[in-house]
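Peer 1: The following file, entry-v5.txt, comprises compact mmCIF, C-alpha atoms and all ligand atoms:
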```
# COMPACT_ATOMS: atom_id res chain seq x y z
CA MET A 1 98.51 23.34 125.70
CA ILE A 2 99.19 26.13 123.23
CA LYS A 3 99.52 29.59 124.72
CA LYS A 4 97.71 32.50 123.15
CA ALA A 5 99.78 34.37 120.55
CA LEU A 6 102.25 36.84 121.92
CA THR A 7 99.89 39.78 121.86
CA ALA A 8 102.68 42.29 122.38
CA PHE A 9 103.65 41.74 118.77
CA LEU A 10 100.14 41.76 117.38
CA VAL A 11 99.67 45.41 116.64
CA LEU A 12 97.62 46.46 113.65
CA PRO A 13 97.83 47.34 110.83
CA SER A 14 98.96 44.16 109.16
CA ILE A 15 100.52 44.10 105.72
CA LEU A 16 99.16 41.53 103.28
CA SER A 17 102.24 39.92 101.74
CA ALA A 18 100.72 37.12 99.63
CA ALA A 19 97.83 36.77 97.19
CA THR A 20 96.00 34.37 99.53
CA GLN A 21 95.91 36.80 102.45
CA VAL A 22 92.97 39.00 103.45
CA ASN A 23 91.94 40.44 106.82
CA SER A 24 91.55 37.78 109.48
CA ASP A 25 87.74 37.91 109.71
CA ALA A 26 87.40 37.54 105.95
CA ALA A 27 89.89 34.63 105.86
CA LEU A 28 87.95 32.72 108.49
CA LYS A 29 84.60 33.38 106.81
CA MET A 30 85.94 32.19 103.46
CA LEU A 31 87.21 28.95 104.97
CA GLN A 32 83.94 28.37 106.81
CA LYS A 33 82.02 28.83 103.58
CA GLN A 34 84.33 26.45 101.72
CA ALA A 35 83.67 23.81 104.43
CA LYS A 36 80.12 23.39 103.10
CA HIS A 37 81.68 21.60 100.14
CA PHE A 38 82.77 18.68 102.30
CA GLU A 39 80.06 18.31 104.91
CA GLN A 40 79.15 14.65 105.29
CA ARG A 41 76.26 13.55 103.06
CA VAL A 42 75.28 11.28 100.17
CA VAL A 43 74.41 13.14 96.98
CA GLN A 44 72.20 11.36 94.45
CA LEU A 45 73.13 12.64 90.97
CA THR A 46 70.99 10.45 88.73
CA GLU A 47 68.75 7.45 89.20
CA ASN A 48 71.81 5.22 89.63
CA VAL A 49 74.72 7.40 90.72
CA TYR A 50 75.47 8.35 94.35
CA VAL A 51 78.43 10.27 95.76
CA ALA A 52 79.41 10.07 99.45
CA VAL A 53 81.03 13.37 100.43
CA GLY A 54 82.80 14.10 103.73
CA PHE A 55 83.07 10.55 105.06
CA HIS A 56 86.82 11.06 104.88
CA GLY A 57 88.91 13.64 103.00
CA ALA A 58 88.03 12.33 99.54
CA ASN A 59 84.82 11.17 97.87
CA THR A 60 83.64 7.65 97.18
CA SER A 61 80.88 6.95 94.64
CA MET A 62 78.43 4.14 93.91
CA ILE A 63 77.02 3.35 90.47
CA VAL A 64 74.03 0.99 90.64
CA GLY A 65 73.72 -1.60 87.86
CA THR A 66 71.32 -4.45 87.17
CA ASP A 67 72.83 -7.12 89.43
CA GLY A 68 75.44 -5.19 91.36
CA VAL A 69 77.14 -1.87 92.03
CA ILE A 70 80.47 -0.30 91.04
CA ILE A 71 82.50 1.67 93.59
CA VAL A 72 84.72 4.55 92.47
CA ASP A 73 87.49 5.24 95.02
CA THR A 74 87.51 3.83 98.54
CA LEU A 75 88.72 6.52 101.02
CA MET A 76 91.74 6.22 103.33
CA GLY A 77 90.87 3.19 105.45
CA PRO A 78 88.14 0.60 106.14
CA ALA A 79 86.51 2.46 109.07
CA ALA A 80 85.60 5.55 107.01
CA ALA A 81 84.75 3.31 104.02
CA THR A 82 82.40 1.21 106.19
CA ASN A 83 80.53 4.37 107.20
CA ALA A 84 80.18 5.41 103.56
CA LEU A 85 79.02 1.92 102.53
CA LYS A 86 76.41 1.96 105.27
CA ALA A 87 75.09 5.23 103.85
CA PHE A 88 75.09 3.76 100.31
CA ARG A 89 73.15 0.71 101.53
CA GLU A 90 70.15 3.00 102.14
CA TYR A 91 69.86 3.15 98.35
CA SER A 92 71.01 -0.27 97.13
CA ASP A 93 71.97 -3.58 98.71
CA LYS A 94 73.34 -5.14 95.53
CA PRO A 95 76.82 -6.68 95.78
CA VAL A 96 79.93 -4.78 94.67
CA LYS A 97 80.90 -6.03 91.21
CA ALA A 98 83.90 -3.78 90.60
CA ILE A 99 86.10 -1.18 92.29
CA ILE A 100 87.85 1.52 90.28
CA TYR A 101 90.70 3.67 91.63
CA THR A 102 90.94 7.09 89.95
CA HIS A 103 94.61 7.30 91.03
CA SER A 104 97.00 5.94 93.63
CA HIS A 105 96.85 8.54 96.43
CA PRO A 106 96.26 6.95 99.85
CA ASP A 107 93.00 8.82 100.53
CA HIS A 108 91.41 7.03 97.55
CA ILE A 109 92.67 3.45 97.82
CA GLY A 110 92.95 2.49 101.50
CA GLY A 111 89.39 1.39 102.33
CA ALA A 112 88.57 -1.09 99.53
CA SER A 113 88.23 -4.17 101.78
CA ALA A 114 85.17 -2.60 103.45
CA PHE A 115 83.23 -2.83 100.18
CA VAL A 116 83.85 -6.51 99.39
CA GLY A 117 82.58 -9.79 100.79
CA ALA A 118 84.00 -13.28 100.40
CA GLU A 119 83.98 -12.89 96.64
CA ARG A 120 86.62 -10.44 95.45
CA PRO A 121 85.45 -8.22 92.59
CA PRO A 122 87.98 -6.96 90.05
CA VAL A 123 89.85 -3.79 91.07
CA TYR A 124 90.64 -1.46 88.16
CA ALA A 125 93.48 1.06 88.00
CA GLU A 126 95.60 2.77 85.36
CA LYS A 127 98.55 0.65 84.17
CA GLY A 128 101.14 2.90 85.84
CA PHE A 129 99.48 2.58 89.26
CA ILE A 130 102.17 2.87 91.91
CA ASN A 131 100.32 2.92 95.24
CA SER A 132 102.31 5.76 96.69
CA THR A 133 102.61 9.51 96.70
CA GLY A 134 105.53 9.30 94.30
CA ILE A 135 107.86 10.01 97.21
CA ARG A 136 110.62 7.56 98.00
CA GLY A 137 110.14 5.52 101.15
CA ASP A 138 113.38 6.77 102.70
CA LEU A 139 111.87 10.28 102.83
CA ALA A 140 108.97 9.12 105.00
CA PRO A 141 110.16 10.89 108.19
CA VAL A 142 110.21 14.36 106.64
CA ILE A 143 107.07 13.85 104.55
CA LYS A 144 105.16 12.66 107.57
CA ARG A 145 106.18 15.73 109.53
CA ARG A 146 105.51 18.23 106.73
CA GLY A 147 102.25 16.47 105.82
CA ALA A 148 101.01 16.78 109.40
CA ARG A 149 101.65 20.52 109.19
CA GLN A 150 99.99 20.95 105.78
CA PHE A 151 96.86 19.14 106.94
CA GLY A 152 96.93 20.64 110.46
CA ARG A 153 96.69 17.13 111.91
CA VAL A 154 97.66 18.08 115.48
CA LEU A 155 96.27 21.61 115.72
CA PRO A 156 94.13 22.25 118.81
CA PRO A 157 90.41 22.92 118.16
CA GLU A 158 90.74 26.70 118.50
CA GLN A 159 93.27 26.78 115.63
CA THR A 160 91.49 24.26 113.43
CA THR A 161 89.61 25.21 110.25
CA ASN A 162 89.88 22.66 107.45
CA ARG A 163 92.20 21.33 104.74
CA GLY A 164 90.86 23.41 101.86
CA ILE A 165 89.17 20.49 100.07
CA ALA A 166 88.63 18.22 103.07
CA PRO A 167 87.42 18.41 106.64
CA ALA A 168 89.99 18.96 109.38
CA ARG A 169 89.20 15.74 111.22
CA THR A 170 89.21 12.36 109.49
CA ILE A 171 89.54 8.76 110.63
CA ASP A 172 93.18 8.00 109.85
CA LYS A 173 94.23 5.34 112.36
CA ASP A 174 93.49 2.50 109.92
CA ARG A 175 95.11 4.32 107.01
CA GLY A 176 95.77 1.93 104.10
CA LYS A 177 94.62 -1.11 106.08
CA GLY A 178 91.87 -1.96 103.58
CA HIS A 179 93.88 -1.51 100.41
CA LEU A 180 93.27 -4.12 97.72
CA PRO A 181 95.86 -4.08 94.94
CA PRO A 182 94.50 -3.56 91.43
CA THR A 183 93.76 -6.72 89.48
CA VAL A 184 92.92 -5.18 86.10
CA PHE A 185 95.10 -2.49 84.54
CA ILE A 186 93.70 0.09 82.14
CA ASN A 187 95.95 0.46 79.13
CA GLY A 188 94.68 3.33 76.99
CA ASP A 189 91.07 4.38 76.39
CA THR A 190 88.85 1.48 77.48
CA ALA A 191 85.13 0.67 77.20
CA LEU A 192 83.64 -1.83 79.67
CA SER A 193 80.34 -3.22 80.76
CA VAL A 194 80.02 -4.12 84.46
CA ALA A 195 76.74 -5.14 86.14
CA GLY A 196 74.90 -3.98 83.06
CA VAL A 197 76.51 -0.50 83.24
CA ASP A 198 78.40 0.79 80.21
CA LEU A 199 81.41 2.80 81.25
CA GLU A 200 84.44 4.31 79.57
CA ILE A 201 87.78 4.79 81.27
CA TYR A 202 90.40 7.25 80.01
CA PRO A 203 93.99 7.65 81.25
CA ALA A 204 94.36 11.27 82.37
CA PRO A 205 97.80 12.13 83.78
CA GLY A 206 97.68 15.17 86.05
CA GLU A 207 97.93 15.25 89.82
CA THR A 208 99.54 11.84 89.43
CA ASP A 209 100.82 10.12 86.28
CA ASP A 210 98.49 7.17 86.99
CA ALA A 211 95.27 9.22 87.07
CA LEU A 212 92.23 8.26 85.00
CA PHE A 213 88.70 9.53 84.54
CA ILE A 214 85.48 7.56 84.15
CA TRP A 215 82.62 8.44 81.82
CA LEU A 216 79.09 7.03 82.02
CA PRO A 217 77.64 7.66 78.55
CA GLU A 218 74.06 6.73 79.56
CA GLU A 219 73.88 8.93 82.63
CA ARG A 220 76.35 11.54 81.34
CA VAL A 221 78.33 11.54 84.58
CA LEU A 222 82.09 12.11 84.62
CA PHE A 223 84.30 11.07 87.56
CA ALA A 224 87.37 13.30 87.39
CA GLY A 225 89.43 11.98 90.32
CA ASP A 226 91.74 14.59 91.81
CA ASN A 227 92.29 16.42 88.52
CA PHE A 228 89.23 18.46 89.51
CA TYR A 229 87.75 19.69 92.79
CA HIS A 230 86.21 22.89 94.07
CA ALA A 231 89.43 24.90 94.63
CA PHE A 232 92.51 25.91 92.65
CA PRO A 233 94.37 22.65 91.98
CA ASN A 234 97.28 21.64 94.15
CA LEU A 235 99.87 21.74 91.38
CA TYR A 236 102.43 21.49 94.18
CA ALA A 237 101.91 20.14 97.70
CA ILE A 238 103.94 21.89 100.43
CA ARG A 239 104.30 18.62 102.32
CA GLY A 240 106.81 17.88 99.51
CA THR A 241 106.12 16.22 96.18
CA ARG A 242 108.05 15.52 93.05
CA TYR A 243 107.01 17.51 89.98
CA ARG A 244 103.39 17.08 88.94
CA ASN A 245 103.22 17.47 85.17
CA VAL A 246 101.18 20.65 84.96
CA LEU A 247 100.83 20.66 81.19
CA ASN A 248 99.43 17.11 81.19
CA TRP A 249 97.02 18.11 83.94
CA SER A 250 95.66 20.99 81.84
CA THR A 251 95.35 18.75 78.77
CA SER A 252 93.56 15.99 80.70
CA VAL A 253 90.98 18.42 82.10
CA ALA A 254 90.42 19.93 78.64
CA ARG A 255 89.70 16.43 77.36
CA MET A 256 87.11 15.91 80.10
CA ALA A 257 85.35 19.07 78.94
CA THR A 258 84.82 17.56 75.46
CA PHE A 259 82.37 15.07 77.04
CA GLU A 260 80.09 17.92 78.19
CA PRO A 261 78.95 16.03 81.31
CA ASP A 262 75.61 16.67 83.00
CA HIS A 263 77.33 15.88 86.31
CA LEU A 264 80.98 16.29 87.26
CA VAL A 265 82.28 14.35 90.27
CA GLY A 266 85.59 15.62 91.62
CA GLY A 267 87.90 13.56 93.83
CA HIS A 268 86.99 15.89 96.69
CA THR A 269 84.18 18.41 97.41
CA LEU A 270 80.59 18.40 96.14
CA PRO A 271 79.79 17.34 92.57
CA LEU A 272 78.80 20.00 90.00
CA SER A 273 75.59 19.58 88.00
CA GLY A 274 74.27 21.12 84.81
CA LYS A 275 75.86 20.50 81.43
CA ASP A 276 76.80 24.11 80.70
CA PHE A 277 78.07 24.77 84.22
CA ALA A 278 80.12 21.56 84.47
CA THR A 279 81.61 21.96 80.99
CA LYS A 280 82.51 25.59 81.61
CA ALA A 281 84.09 24.66 84.94
CA LEU A 282 86.29 22.07 83.25
CA LEU A 283 87.28 24.44 80.45
CA GLU A 284 88.16 27.20 82.89
CA TYR A 285 90.02 24.81 85.19
CA SER A 286 92.10 23.66 82.24
CA GLN A 287 92.58 27.27 81.13
CA ALA A 288 93.75 28.30 84.61
CA ILE A 289 96.35 25.53 84.81
CA GLY A 290 97.48 26.14 81.23
CA SER A 291 97.75 29.87 81.80
CA VAL A 292 99.92 29.50 84.91
CA TYR A 293 102.16 27.15 82.94
CA ASP A 294 102.39 29.42 79.87
CA GLN A 295 103.03 32.58 81.87
CA THR A 296 105.74 30.82 83.87
CA VAL A 297 107.48 29.43 80.79
CA ARG A 298 107.38 32.83 79.06
CA ALA A 299 108.93 34.46 82.12
CA ILE A 300 111.56 31.72 82.40
CA ASN A 301 112.54 32.27 78.78
CA ALA A 302 112.78 36.00 79.47
CA GLY A 303 115.46 35.12 82.02
CA LYS A 304 113.49 35.70 85.22
CA GLY A 305 113.94 33.60 88.35
CA PRO A 306 111.23 31.91 90.45
CA ASP A 307 111.24 34.53 93.25
CA LEU A 308 110.18 37.18 90.76
CA ILE A 309 107.87 35.04 88.63
CA ALA A 310 105.99 33.82 91.71
CA HIS A 311 104.96 37.43 92.33
CA GLU A 312 104.09 38.17 88.70
CA VAL A 313 101.90 35.29 87.51
CA LYS A 314 98.15 35.83 88.02
CA LEU A 315 95.09 33.95 86.85
CA PRO A 316 93.42 35.61 83.85
CA ALA A 317 90.97 38.34 84.91
CA ASP A 318 87.91 36.61 83.41
CA ILE A 319 88.32 33.47 85.57
CA VAL A 320 90.15 34.63 88.69
CA ASP A 321 86.93 34.94 90.74
CA LYS A 322 85.39 31.61 89.71
CA PRO A 323 84.42 29.76 92.90
CA TYR A 324 86.22 26.55 91.80
CA LEU A 325 89.47 28.46 91.24
CA ILE A 326 89.86 30.15 94.62
CA GLU A 327 93.21 29.19 96.15
CA PHE A 328 91.84 27.29 99.15
CA TYR A 329 94.09 24.33 98.38
CA GLY A 330 96.55 24.92 95.56
CA SER A 331 98.42 28.22 95.23
CA VAL A 332 99.41 29.97 92.01
CA SER A 333 102.70 31.23 93.41
CA HIS A 334 103.66 27.78 94.70
CA ALA A 335 102.72 26.33 91.31
CA VAL A 336 105.07 28.77 89.58
CA ARG A 337 107.99 27.63 91.75
CA ALA A 338 107.12 23.98 91.16
CA ILE A 339 107.00 24.49 87.39
CA TYR A 340 110.34 26.29 87.47
CA THR A 341 112.04 23.57 89.48
CA GLY A 342 110.25 20.79 87.66
CA LEU A 343 111.47 22.02 84.28
CA LEU A 344 114.90 23.46 85.08
CA GLY A 345 115.91 22.31 88.55
CA TRP A 346 116.95 24.56 91.44
CA PHE A 347 119.37 26.92 89.65
CA ASP A 348 117.61 30.10 88.52
CA GLY A 349 120.32 31.17 86.08
CA ASN A 350 121.68 33.92 88.33
CA PRO A 351 125.38 33.23 89.04
CA ALA A 352 125.06 35.00 92.41
CA LYS A 353 123.05 31.96 93.48
CA LEU A 354 125.56 29.34 92.32
CA ASN A 355 127.58 29.39 95.52
CA ARG A 356 125.74 31.37 98.15
CA LEU A 357 127.40 32.25 101.43
CA HIS A 358 126.85 30.06 104.46
CA PRO A 359 123.64 31.32 106.15
CA ARG A 360 125.60 32.33 109.27
CA ASP A 361 128.06 34.43 107.26
CA GLU A 362 125.18 36.10 105.44
CA ALA A 363 123.41 36.81 108.75
CA GLU A 364 126.55 38.39 110.21
CA LYS A 365 126.98 40.63 107.18
CA VAL A 366 123.31 41.67 107.22
CA ALA A 367 123.63 42.54 110.94
CA GLU A 368 126.69 44.63 110.07
CA LEU A 369 124.68 46.45 107.37
CA ALA A 370 121.88 47.09 109.86
CA GLY A 371 124.43 48.78 112.16
CA GLY A 372 124.98 45.86 114.49
CA VAL A 373 123.08 42.96 116.03
CA LYS A 374 121.10 45.16 118.43
CA LYS A 375 119.95 47.36 115.58
CA LEU A 376 118.89 44.28 113.60
CA GLU A 377 116.88 43.17 116.65
CA ARG A 378 115.18 46.55 116.79
CA LYS A 379 114.40 46.42 113.07
CA THR A 380 112.85 42.99 113.51
CA ARG A 381 110.66 44.12 116.39
CA ALA A 382 109.72 47.22 114.40
CA ALA A 383 108.66 45.05 111.47
CA MET A 384 106.31 43.15 113.78
CA LYS A 385 104.88 46.38 115.17
CA ALA A 386 104.27 47.66 111.65
CA GLY A 387 102.42 44.46 110.77
CA GLU A 388 105.13 43.39 108.33
CA PHE A 389 104.96 39.79 109.46
CA GLN A 390 106.64 38.23 106.45
CA TRP A 391 109.58 40.62 106.72
CA ALA A 392 109.83 39.98 110.46
CA LEU A 393 109.95 36.26 109.72
CA GLU A 394 112.75 36.75 107.22
CA LEU A 395 114.75 38.98 109.58
CA ALA A 396 114.28 36.40 112.35
CA ASP A 397 115.98 33.91 110.05
CA TYR A 398 119.11 36.10 110.26
CA LEU A 399 118.83 36.74 113.99
CA LYS A 400 118.78 33.07 114.87
CA TRP A 401 122.42 32.71 113.71
CA LEU A 402 123.75 35.55 115.84
CA GLY A 403 123.93 34.13 119.37
CA GLU A 404 121.79 32.33 121.92
CA ALA A 405 119.82 35.38 123.09
CA GLU A 406 119.12 36.36 119.49
CA ARG A 407 118.03 32.83 118.75
CA GLN A 408 115.49 32.98 121.57
CA LEU A 409 114.21 36.31 120.34
CA ALA A 410 114.02 34.97 116.77
CA ARG A 411 111.99 32.05 118.06
CA GLU A 412 109.51 34.30 119.86
CA ILE A 413 109.15 36.61 116.91
CA LYS A 414 108.62 33.69 114.56
CA ILE A 415 105.88 32.22 116.71
CA ALA A 416 104.03 35.53 116.74
CA ALA A 417 104.66 36.30 113.05
CA LEU A 418 103.55 32.84 111.90
CA ARG A 419 100.32 33.09 113.90
CA ALA A 420 99.65 36.56 112.56
CA LEU A 421 100.26 35.37 108.98
CA ALA A 422 98.05 32.32 109.56
CA ALA A 423 95.17 34.48 110.75
CA GLN A 424 95.03 36.29 107.42
CA GLU A 425 95.53 33.22 105.19
CA TYR A 426 92.66 31.49 103.42
CA ASN A 427 94.94 29.01 101.67
CA ALA A 428 94.39 26.09 104.06
CA PRO A 429 97.76 24.34 103.63
CA ASN A 430 99.65 27.62 104.25
CA ARG A 431 97.49 28.46 107.25
CA ASN A 432 97.83 25.00 108.76
CA TYR A 433 101.58 24.94 108.13
CA TYR A 434 102.15 28.35 109.76
CA LEU A 435 100.14 27.40 112.85
CA SER A 436 101.64 23.93 113.21
CA TYR A 437 105.19 25.22 112.87
CA ALA A 438 104.56 27.99 115.42
CA ASN A 439 103.22 25.40 117.88
CA GLU A 440 106.25 23.18 117.34
CA LEU A 441 108.53 26.17 118.03
CA GLU A 442 106.61 27.03 121.19
CA LEU A 443 106.66 23.44 122.44
CA GLY A 444 110.38 23.10 121.75
CA GLN A 445 109.87 20.37 119.16
CA LEU A 446 112.16 21.83 116.50
CA ASN A 447 115.83 20.98 116.67
CA ASP A 448 118.64 23.08 115.22
CA ALA A 449 118.29 21.53 111.79
CA TRP A 450 114.69 22.69 111.46
CA PHE A 451 115.17 26.03 113.18
ZN ZN B 501 92.64 13.09 96.99
```
Please express the file's structure as structure tokens.
Ligand SMILES: [Zn+2]
Peer 2:
Amino acid sequence: MIKKALTAFLVLPSILSAATQVNSDAALKMLQKQAKHFEQRVVQLTENVYVAVGFHGANTSMIVGTDGVIIVDTLMGPAAATNALKAFREYSDKPVKAIIYTHSHPDHIGGASAFVGAERPPVYAEKGFINSTGIRGDLAPVIKRRGARQFGRVLPPEQTTNRGIAPARTIDKDRGKGHLPPTVFINGDTALSVAGVDLEIYPAPGETDDALFIWLPEERVLFAGDNFYHAFPNLYAIRGTRYRNVLNWSTSVARMATFEPDHLVGGHTLPLSGKDFATKALLEYSQAIGSVYDQTVRAINAGKGPDLIAHEVKLPADIVDKPYLIEFYGSVSHAVRAIYTGLLGWFDGNPAKLNRLHPRDEAEKVAELAGGVKKLERKTRAAMKAGEFQWALELADYLKWLGEAERQLAREIKIAALRALAAQEYNAPNRNYYLSYANELELGQLNDAWF
């Protein structure tokens, strides 16, 4: 059981130290409003196109043809996929003639078996399909742990909101159990006819290199996969990912806009309808990604490091308030750091960073500057009292090196500071990560390497 936050530390006012922080009431209201975009339902877009939203984290869609249906994406596992199929069967009982994966992330490819009978339909995917998150298998222990924090998988109900583009609770126990490997690989722009439905498939590298989008010329519906959803894109995932090619992502979304779809189906969240609205959304999504990339590269070439650039880059004023660009999932400042590291690696060009002191030596010298360990303790408590939670967190990172009592104090301050930061965060991965980490600290689940 998680104890209530250490109220002694929670004294207002609080200082907002990141672009995705607002007062705690506003943060909660924003997240509750965003949750309407993934409430469970089937949305009928045209006579023959249906999208099942909220049956798991991602969407699955059904296109009805003359003698069968086509399924786009299959959720995380067969249990959630079976529920979605049952809902689809209210509208059509024709057999599944094809499955198409928009990309290889597990929440899109793990439930395919639920959609097929004895006869296996072809399964389409882009030729580079890798059936993984792009993370090496030997990193599974750390990714699992960080992923659980990002998604808030083990948060108690009173701390649970959502995942930014997905509900907080999903059926995950049969994760990947229904995966069917692709049998047909898309190699370049491809036109097909399946069950009497004309469809076009276009490779569209972005969130993953193996992403594609699907265009129905008759119905003017575009399935964007995870290169579009109703939130700022997750150009970097804090659970840990290799570099996602941001420039490709922007280009792929701009290409989607050239189709001027009447309906735009993202990989998550509700579809968008209306040609002008959907096209504008795609153009502005592409513009947002491109702008973050361009601003970052300009700043890099001016010699700035990621710590500074992350505070400087902002979305252009004319699009910053667009509902599909609010940072519920991705974060601009995280994207900046990812672009920096993705292009140049960890070294920011500042020779002071080439061989930094051991963290313990640095902590001892900072304590000396503060006038001694006790004074550093007082400064850390004072930061909490003043609502400077981020600063308190950073000071606690020094304290923890300075002896056992200081380590205990650092732990307590971190728990309180993380919960206070979480309360004012509307970026769901940040919020979930802060809360999960605080709980792990409180429950004694973090060893010396983590803390
Ligand atoms: Zn997804």
Peer 1: What does the distance from atom CA of A:Ile130 to atom CA of A:Met62 come to in Å, to one decimal?
Peer 2: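 Separation between atom CA of A:Ile130 and atom CA of A:Met62: 23.9 Å.
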Peer 1: Counting all atoms listed in the file, what are the residues of chain A within 12 Å of ligand ZN 501 (chain B), and for each of them which pair of atoms is the nearest and at what distance in Å, to one decimal? Sort the table by chain and rising number, as a Markdown table.
Peer 2:
```
| residue | atom | partner | partner_atom | distance |
| --- | --- | --- | --- | --- |
| A:Gly54 | CA | B:ZN501 | ZN | 12.0 |
| A:His56 | CA | B:ZN501 | ZN | 10.0 |
| A:Gly57 | CA | B:ZN501 | ZN | 7.1 |
| A:Ala58 | CA | B:ZN501 | ZN | 5.3 |
| A:Asn59 | CA | B:ZN501 | ZN | 8.1 |
| A:Thr60 | CA | B:ZN501 | ZN | 10.5 |
| A:Asp73 | CA | B:ZN501 | ZN | 9.6 |
| A:Thr74 | CA | B:ZN501 | ZN | 10.7 |
| A:Leu75 | CA | B:ZN501 | ZN | 8.6 |
| A:Met76 | CA | B:ZN501 | ZN | 9.4 |
| A:Tyr101 | CA | B:ZN501 | ZN | 11.0 |
| A:Thr102 | CA | B:ZN501 | ZN | 9.4 |
| A:His103 | CA | B:ZN501 | ZN | 8.5 |
| A:Ser104 | CA | B:ZN501 | ZN | 9.0 |
| A:His105 | CA | B:ZN501 | ZN | 6.2 |
| A:Pro106 | CA | B:ZN501 | ZN | 7.7 |
| A:Asp107 | CA | B:ZN501 | ZN | 5.6 |
| A:His108 | CA | B:ZN501 | ZN | 6.2 |
| A:Ile109 | CA | B:ZN501 | ZN | 9.7 |
| A:Gly110 | CA | B:ZN501 | ZN | 11.5 |
| A:Thr133 | CA | B:ZN501 | ZN | 10.6 |
| A:Arg163 | CA | B:ZN501 | ZN | 11.3 |
| A:Gly164 | CA | B:ZN501 | ZN | 11.5 |
| A:Ile165 | CA | B:ZN501 | ZN | 8.7 |
| A:Ala166 | CA | B:ZN501 | ZN | 8.9 |
| A:Glu207 | CA | B:ZN501 | ZN | 9.2 |
| A:Thr208 | CA | B:ZN501 | ZN | 10.3 |
| A:Ala211 | CA | B:ZN501 | ZN | 11.0 |
| A:Ala224 | CA | B:ZN501 | ZN | 11.0 |
| A:Gly225 | CA | B:ZN501 | ZN | 7.5 |
| A:Asp226 | CA | B:ZN501 | ZN | 5.5 |
| A:Asn227 | CA | B:ZN501 | ZN | 9.1 |
| A:Phe228 | CA | B:ZN501 | ZN | 9.8 |
| A:Tyr229 | CA | B:ZN501 | ZN | 9.2 |
| A:Pro233 | CA | B:ZN501 | ZN | 10.9 |
| A:Asn234 | CA | B:ZN501 | ZN | 10.1 |
| A:Ala237 | CA | B:ZN501 | ZN | 11.7 |
| A:Gly266 | CA | B:ZN501 | ZN | 9.2 |
| A:Gly267 | CA | B:ZN501 | ZN | 5.7 |
| A:His268 | CA | B:ZN501 | ZN | 6.3 |
| A:Thr269 | CA | B:ZN501 | ZN | 10.0 |
| A:Tyr329 | CA | B:ZN501 | ZN | 11.4 |
```
Peer 1: Which distance in Å separates atom CA of A:Arg337 and atom CA of A:Thr20, to one decimal?
Peer 2: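 Distance between the two atoms: 15.8 Å.
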Peer 1: Give me the residues within 7 Å of A:Asn248 as a PyMOL selection string, counting all atoms listed in the file and dropping any in the same chain fewer than 3 places off.
Peer 2: chain A and resi 205-206+245+251-252
Peer 1: Those same residues - C-alpha atoms - I'd like them written as a PDB file, in the coordinates of the input.
Peer 2:
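That gives us again_0.pdb:
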```pdb
ATOM      1  CA  PRO A 205      97.800  12.130  83.780  1.00  0.00           C
ATOM      2  CA  GLY A 206      97.680  15.170  86.050  1.00  0.00           C
ATOM      3  CA  ASN A 245     103.220  17.470  85.170  1.00  0.00           C
ATOM      4  CA  THR A 251      95.350  18.750  78.770  1.00  0.00           C
ATOM      5  CA  SER A 252      93.560  15.990  80.700  1.00  0.00           C
TER       6      SER A 252
END
```
Peer 1: Just want the 8 Å neighbourhood of A:Arg419, counted on only C-alpha atoms, with same-chain residues fewer than 3 positions away dropped. Output as a short mmCIF file (atom, residue, chain, number, x, y, z; two decimals) with C-alpha atoms, in the frame of the given file.
Peer 2:
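Everything below was put into part.cif:
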```cif
data_model
loop_
_atom_site.label_atom_id
_atom_site.label_comp_id
_atom_site.auth_asym_id
_atom_site.auth_seq_id
_atom_site.Cartn_x
_atom_site.Cartn_y
_atom_site.Cartn_z
CA ALA A 5 99.78 34.37 120.55
CA ILE A 415 105.88 32.22 116.71
CA ALA A 416 104.03 35.53 116.74
CA ALA A 422 98.05 32.32 109.56
CA ALA A 423 95.17 34.48 110.75
CA TYR A 434 102.15 28.35 109.76
CA LEU A 435 100.14 27.40 112.85
CA ALA A 438 104.56 27.99 115.42
#
```
Peer 1: Take atom CA of A:Trp450 and atom CA of A:Asn350 and report the distance between them in Å, one decimal.
Peer 2: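 Computing the Euclidean distance for atom CA of A:Trp450 and atom CA of A:Asn350 yields 26.6 Å.
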Peer 1: With all atoms listed in the file as the basis for distance, which of A:Ile309, A:Ala254, A:Ala26, A:Ile71 is at the shortest distance from A:Pro95?
Peer 2: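 Ranking A:Ile309, A:Ala254, A:Ala26, A:Ile71 by distance to A:Pro95, first place goes to A:Ile71.
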